[in-house]
$ cat start.csv   # CSV, C-alpha atoms
chain,number,residue,atom,x,y,z
A,1,MET,CA,-1.5,1.9,-19.9
A,2,ALA,CA,-0.1,5.4,-19.2
A,3,ARG,CA,1.4,4.9,-15.8
A,4,ARG,CA,2.6,8.0,-14.1
A,5,GLY,CA,5.3,6.3,-12.0
A,6,ARG,CA,6.1,3.2,-10.1
A,7,LEU,CA,6.7,3.1,-6.3
A,8,VAL,CA,10.1,1.8,-5.6
A,9,ILE,CA,10.8,0.5,-2.1
A,10,LYS,CA,14.4,0.6,-0.7
A,11,PRO,CA,14.4,-1.3,2.6
A,12,ASP,CA,18.1,-0.6,3.2
A,13,ARG,CA,17.3,3.1,3.6
A,14,CYS,CA,14.3,2.7,5.9
A,15,THR,CA,15.0,3.9,9.4
A,16,GLY,CA,11.6,3.1,10.8
A,17,CYS,CA,10.6,6.7,11.3
A,18,ARG,CA,7.1,5.9,10.1
A,19,THR,CA,6.7,9.3,8.3
A,20,CYS,CA,5.3,7.4,5.3
A,21,GLU,CA,2.6,5.9,7.5
A,22,LEU,CA,1.6,9.3,8.8
A,23,ALA,CA,1.6,10.9,5.3
A,24,CYS,CA,-0.6,8.0,4.0
A,25,ALA,CA,-3.0,8.2,6.9
A,26,PHE,CA,-3.3,12.0,6.4
A,27,VAL,CA,-4.0,11.8,2.7
A,28,HIS,CA,-6.6,9.1,3.2
A,29,SER,CA,-8.4,11.0,6.0
A,30,THR,CA,-12.1,11.6,6.0
A,31,GLY,CA,-14.3,13.7,8.2
A,32,GLY,CA,-11.4,15.3,10.0
A,33,LEU,CA,-10.1,11.9,11.1
A,34,LEU,CA,-6.9,10.2,10.0
A,35,GLY,CA,-7.5,7.3,7.7
A,36,LEU,CA,-5.8,4.0,7.9
A,37,SER,CA,-2.3,3.9,6.4
A,38,ARG,CA,-1.9,1.8,3.3
A,39,ILE,CA,1.8,1.4,4.1
A,40,ARG,CA,3.1,-0.3,7.3
A,41,ILE,CA,6.6,-0.4,8.7
A,42,ARG,CA,7.6,-3.8,10.2
A,43,GLU,CA,10.7,-4.5,12.3
A,44,ALA,CA,13.0,-6.9,10.4
A,45,GLY,CA,15.5,-7.6,13.2
A,46,ALA,CA,18.9,-6.2,13.9
A,47,GLY,CA,21.6,-6.0,11.2
A,48,PRO,CA,25.3,-5.1,11.3
A,49,GLU,CA,24.4,-1.4,11.2
A,50,GLY,CA,21.4,-1.4,13.6
A,51,ASP,CA,17.7,-2.2,13.5
A,52,ARG,CA,16.3,-3.0,10.1
A,53,HIS,CA,12.8,-2.2,8.8
A,54,LEU,CA,10.6,-3.3,5.9
A,55,GLN,CA,8.0,-1.1,4.2
A,56,MET,CA,4.9,-3.2,3.6
A,57,THR,CA,2.6,-1.9,0.9
A,58,CYS,CA,0.9,-3.3,-2.2
A,59,LEU,CA,3.4,-4.1,-5.0
A,60,GLN,CA,0.7,-3.7,-7.7
A,61,CYS,CA,1.5,-7.2,-9.1
A,62,ILE,CA,1.0,-7.8,-12.8
A,63,GLU,CA,-0.5,-11.2,-12.2
A,64,ALA,CA,-2.2,-10.3,-8.9
A,65,ALA,CA,-3.5,-13.1,-6.7
A,66,CYS,CA,-6.0,-10.7,-5.1
A,67,VAL,CA,-7.6,-9.8,-8.4
A,68,LYS,CA,-7.8,-13.4,-9.5
A,69,VAL,CA,-9.5,-14.6,-6.2
A,70,CYS,CA,-12.1,-11.8,-5.9
A,71,PRO,CA,-15.5,-13.4,-6.5
A,72,VAL,CA,-17.2,-10.2,-7.6
A,73,ASP,CA,-14.3,-8.6,-9.6
A,74,ALA,CA,-14.1,-5.7,-7.2
A,75,LEU,CA,-10.3,-5.2,-7.6
A,76,VAL,CA,-9.7,-3.3,-10.8
A,77,ARG,CA,-6.4,-1.9,-12.2
A,78,ASN,CA,-6.6,1.9,-12.8
A,79,GLU,CA,-5.3,2.3,-16.4
A,80,ASP,CA,-3.9,5.8,-15.6
A,81,THR,CA,-1.9,4.9,-12.5
A,82,GLY,CA,-1.4,1.2,-12.7
A,83,ALA,CA,-2.7,0.8,-9.2
A,84,ILE,CA,-5.1,-2.0,-8.4
A,85,GLU,CA,-8.1,-0.3,-6.7
A,86,VAL,CA,-11.0,-1.6,-4.6
A,87,SER,CA,-14.3,-0.8,-6.3
A,88,GLU,CA,-17.7,-0.3,-4.7
A,89,ARG,CA,-18.5,-3.9,-5.8
A,90,CYS,CA,-16.5,-5.2,-2.9
A,91,ILE,CA,-18.5,-7.5,-0.6
A,92,GLY,CA,-15.9,-7.6,2.2
A,93,CYS,CA,-15.2,-11.3,2.0
A,94,GLY,CA,-11.5,-10.7,2.7
A,95,LEU,CA,-10.2,-13.3,0.3
A,96,CYS,CA,-7.9,-10.8,-1.3
A,97,ALA,CA,-6.1,-10.1,2.0
A,98,VAL,CA,-5.8,-13.9,2.6
A,99,VAL,CA,-4.2,-14.7,-0.7
A,100,CYS,CA,-1.7,-11.9,-1.0
A,101,PRO,CA,1.6,-13.7,-1.0
A,102,PHE,CA,3.4,-10.7,0.5
A,103,GLY,CA,0.9,-9.8,3.2
A,104,HIS,CA,0.4,-6.4,1.7
A,105,MET,CA,-3.4,-6.2,1.6
A,106,HIS,CA,-4.9,-4.9,4.8
A,107,PHE,CA,-8.5,-5.3,6.0
A,108,ASP,CA,-10.4,-2.5,7.7
A,109,ARG,CA,-12.6,-4.2,10.2
A,110,MET,CA,-14.6,-1.0,10.8
A,111,LEU,CA,-15.5,-0.6,7.1
A,112,GLY,CA,-15.6,-4.3,6.5
A,113,ARG,CA,-13.5,-4.1,3.4
A,114,PRO,CA,-9.9,-4.3,2.3
A,115,ILE,CA,-7.7,-1.2,2.1
A,116,LYS,CA,-4.6,-1.1,-0.1
A,117,CYS,CA,-2.3,1.3,-1.7
A,118,ASP,CA,-3.9,3.3,-4.5
A,119,LEU,CA,-0.7,5.1,-5.4
A,120,CYS,CA,-2.4,8.3,-4.4
A,121,GLY,CA,-3.6,8.9,-8.0
A,122,GLY,CA,-0.1,8.4,-9.4
A,123,ALA,CA,1.9,10.5,-7.0
A,124,PRO,CA,2.4,8.4,-3.8
A,125,THR,CA,2.4,10.7,-0.8
A,126,CYS,CA,4.5,8.2,1.2
A,127,ALA,CA,7.5,8.7,-1.2
A,128,ALA,CA,7.1,12.5,-1.2
A,129,PHE,CA,7.5,12.6,2.6
A,130,CYS,CA,10.1,9.9,3.1
A,131,PRO,CA,13.1,11.8,4.6
A,132,HIS,CA,15.6,9.1,3.8
A,133,GLY,CA,14.8,8.2,0.2
A,134,ALA,CA,13.5,4.7,1.2
A,135,LEU,CA,10.5,5.2,-1.1
A,136,GLU,CA,10.7,6.9,-4.4
A,137,VAL,CA,8.7,7.1,-7.6
A,138,ARG,CA,10.3,6.2,-10.9
$ encode --input "start.csv" --output "structure tokens"
Amino acid sequence: MARRGRLVIKPDRCTGCRTCELACAFVHSTGGLLGLSRIRIREAGAGPEGDRHLQMTCLQCIEAACVKVCPVDALVRNEDTGAIEVSERCIGCGLCAVVCPFGHMHFDRMLGRPIKCDLCGGAPTCAAFCPHGALEVR
């Protein structure tokens, strides 16, 4: 597998600015409309230095529960990027979103199918636009 880079999440650097969400929504836009972001920022409570935030996005697990549970083998690892991608075989059952132990699979009710990080073809846009270095590619 010739992976281009791995998305590294650094929650201690996240300020909750949500620039990553906007960048992701923009890169996944269609027909002039913003797409749904594959990364989401969640409040994680207050810490000694202020509010804390967590970046919620697919971790591209090696032994991915979402891949194992899919009844039609619609989740396939892209050999070039290492991302687990949703193929056209998806029937929209939502099992993948239910079994993700981290809650990082999201379901688009309008499309009736899951959406998840596809690593933007190997160059995650969220990391490129993060002003605080809370996301990076290694």
$ closest_residue --input "start.csv" --among "A:Ala128, A:Leu111, A:Ala46, A:Leu33" --to "Gly94 in chain A" --atoms "only C-alpha atoms"
A:Leu111
$ residues_near_point --input "start.csv" --point "(-14.0, -5.8, -6.6)" --cutoff "6 Å" --atoms "all atoms listed in the file" --output "ChimeraX atom specification"
/A:72-75,86-87,89-90
$ write_last_selection --input "start.csv" --atoms "C-alpha atoms" --output "compact mmCIF listing (two decimals), keeping the file's coordinate frame"
# COMPACT_ATOMS: atom_id res chain seq x y z
CA VAL A 72 -17.20 -10.20 -7.60
CA ASP A 73 -14.30 -8.60 -9.60
CA ALA A 74 -14.10 -5.70 -7.20
CA LEU A 75 -10.30 -5.20 -7.60
CA VAL A 86 -11.00 -1.60 -4.60
CA SER A 87 -14.30 -0.80 -6.30
CA ARG A 89 -18.50 -3.90 -5.80
CA CYS A 90 -16.50 -5.20 -2.90
$ residues_around --input "start.csv" --residues "Cys100 in chain A" --least-positions-apart "3" --cutoff "10 Å" --atoms "all atoms listed in the file" --output "list in words"
Cys58, Cys61, Ala64, Ala65, Cys66, Val67, Val69, Leu95, Cys96, Ala97, Gly103, His104, Met105 and His106 of chain A
$ closest_residue --input "start.csv" --among "A:Cys93, A:Ile39, A:Leu34, A:Leu7" --to "Cys20 in chain A" --atoms "all atoms listed in the file"
A:Ile39
$ atom_distance --input "start.csv" --atom1 "CA of His28 in chain A" --atom2 "CA of Val137 in chain A"
18.8 Å
$ atom_distance --input "start.csv" --atom1 "CA of Ala83 in chain A" --atom2 "CA of Pro124 in chain A"
10.6 Å
$ closest_residue --input "start.csv" --among "A:Arg42, A:Arg18, A:Arg109, A:Arg6" --to "Leu59 in chain A" --atoms "only C-alpha atoms"
A:Arg6
$ residues_near_point --input "start.csv" --point "(14.0, 3.8, 2.7)" --cutoff "7 Å" --atoms "all atoms listed in the file" --output "PyMOL selection string"
chain A and resi 9-15+132-135
$ write_last_selection --input "start.csv" --atoms "C-alpha atoms" --output "compact mmCIF listing (two decimals), in the coordinates of the input"
# COMPACT_ATOMS: atom_id res chain seq x y z
CA ILE A 9 10.80 0.50 -2.10
CA LYS A 10 14.40 0.60 -0.70
CA PRO A 11 14.40 -1.30 2.60
CA ASP A 12 18.10 -0.60 3.20
CA ARG A 13 17.30 3.10 3.60
CA CYS A 14 14.30 2.70 5.90
CA THR A 15 15.00 3.90 9.40
CA HIS A 132 15.60 9.10 3.80
CA GLY A 133 14.80 8.20 0.20
CA ALA A 134 13.50 4.70 1.20
CA LEU A 135 10.50 5.20 -1.10
$ atom_distance --input "start.csv" --atom1 "CA of Gly121 in chain A" --atom2 "CA of His53 in chain A"
26.0 Å
$ closest_residue --input "start.csv" --among "A:Pro131, A:Gly45, A:Gly92, A:Pro101" --to "Ile115 in chain A" --atoms "all atoms listed in the file"
A:Gly92
$ closest_residue --input "start.csv" --among "A:Ala127, A:Val99, A:Leu119, A:Ala23" --to "Cys70 in chain A" --atoms "only C-alpha atoms"
A:Val99
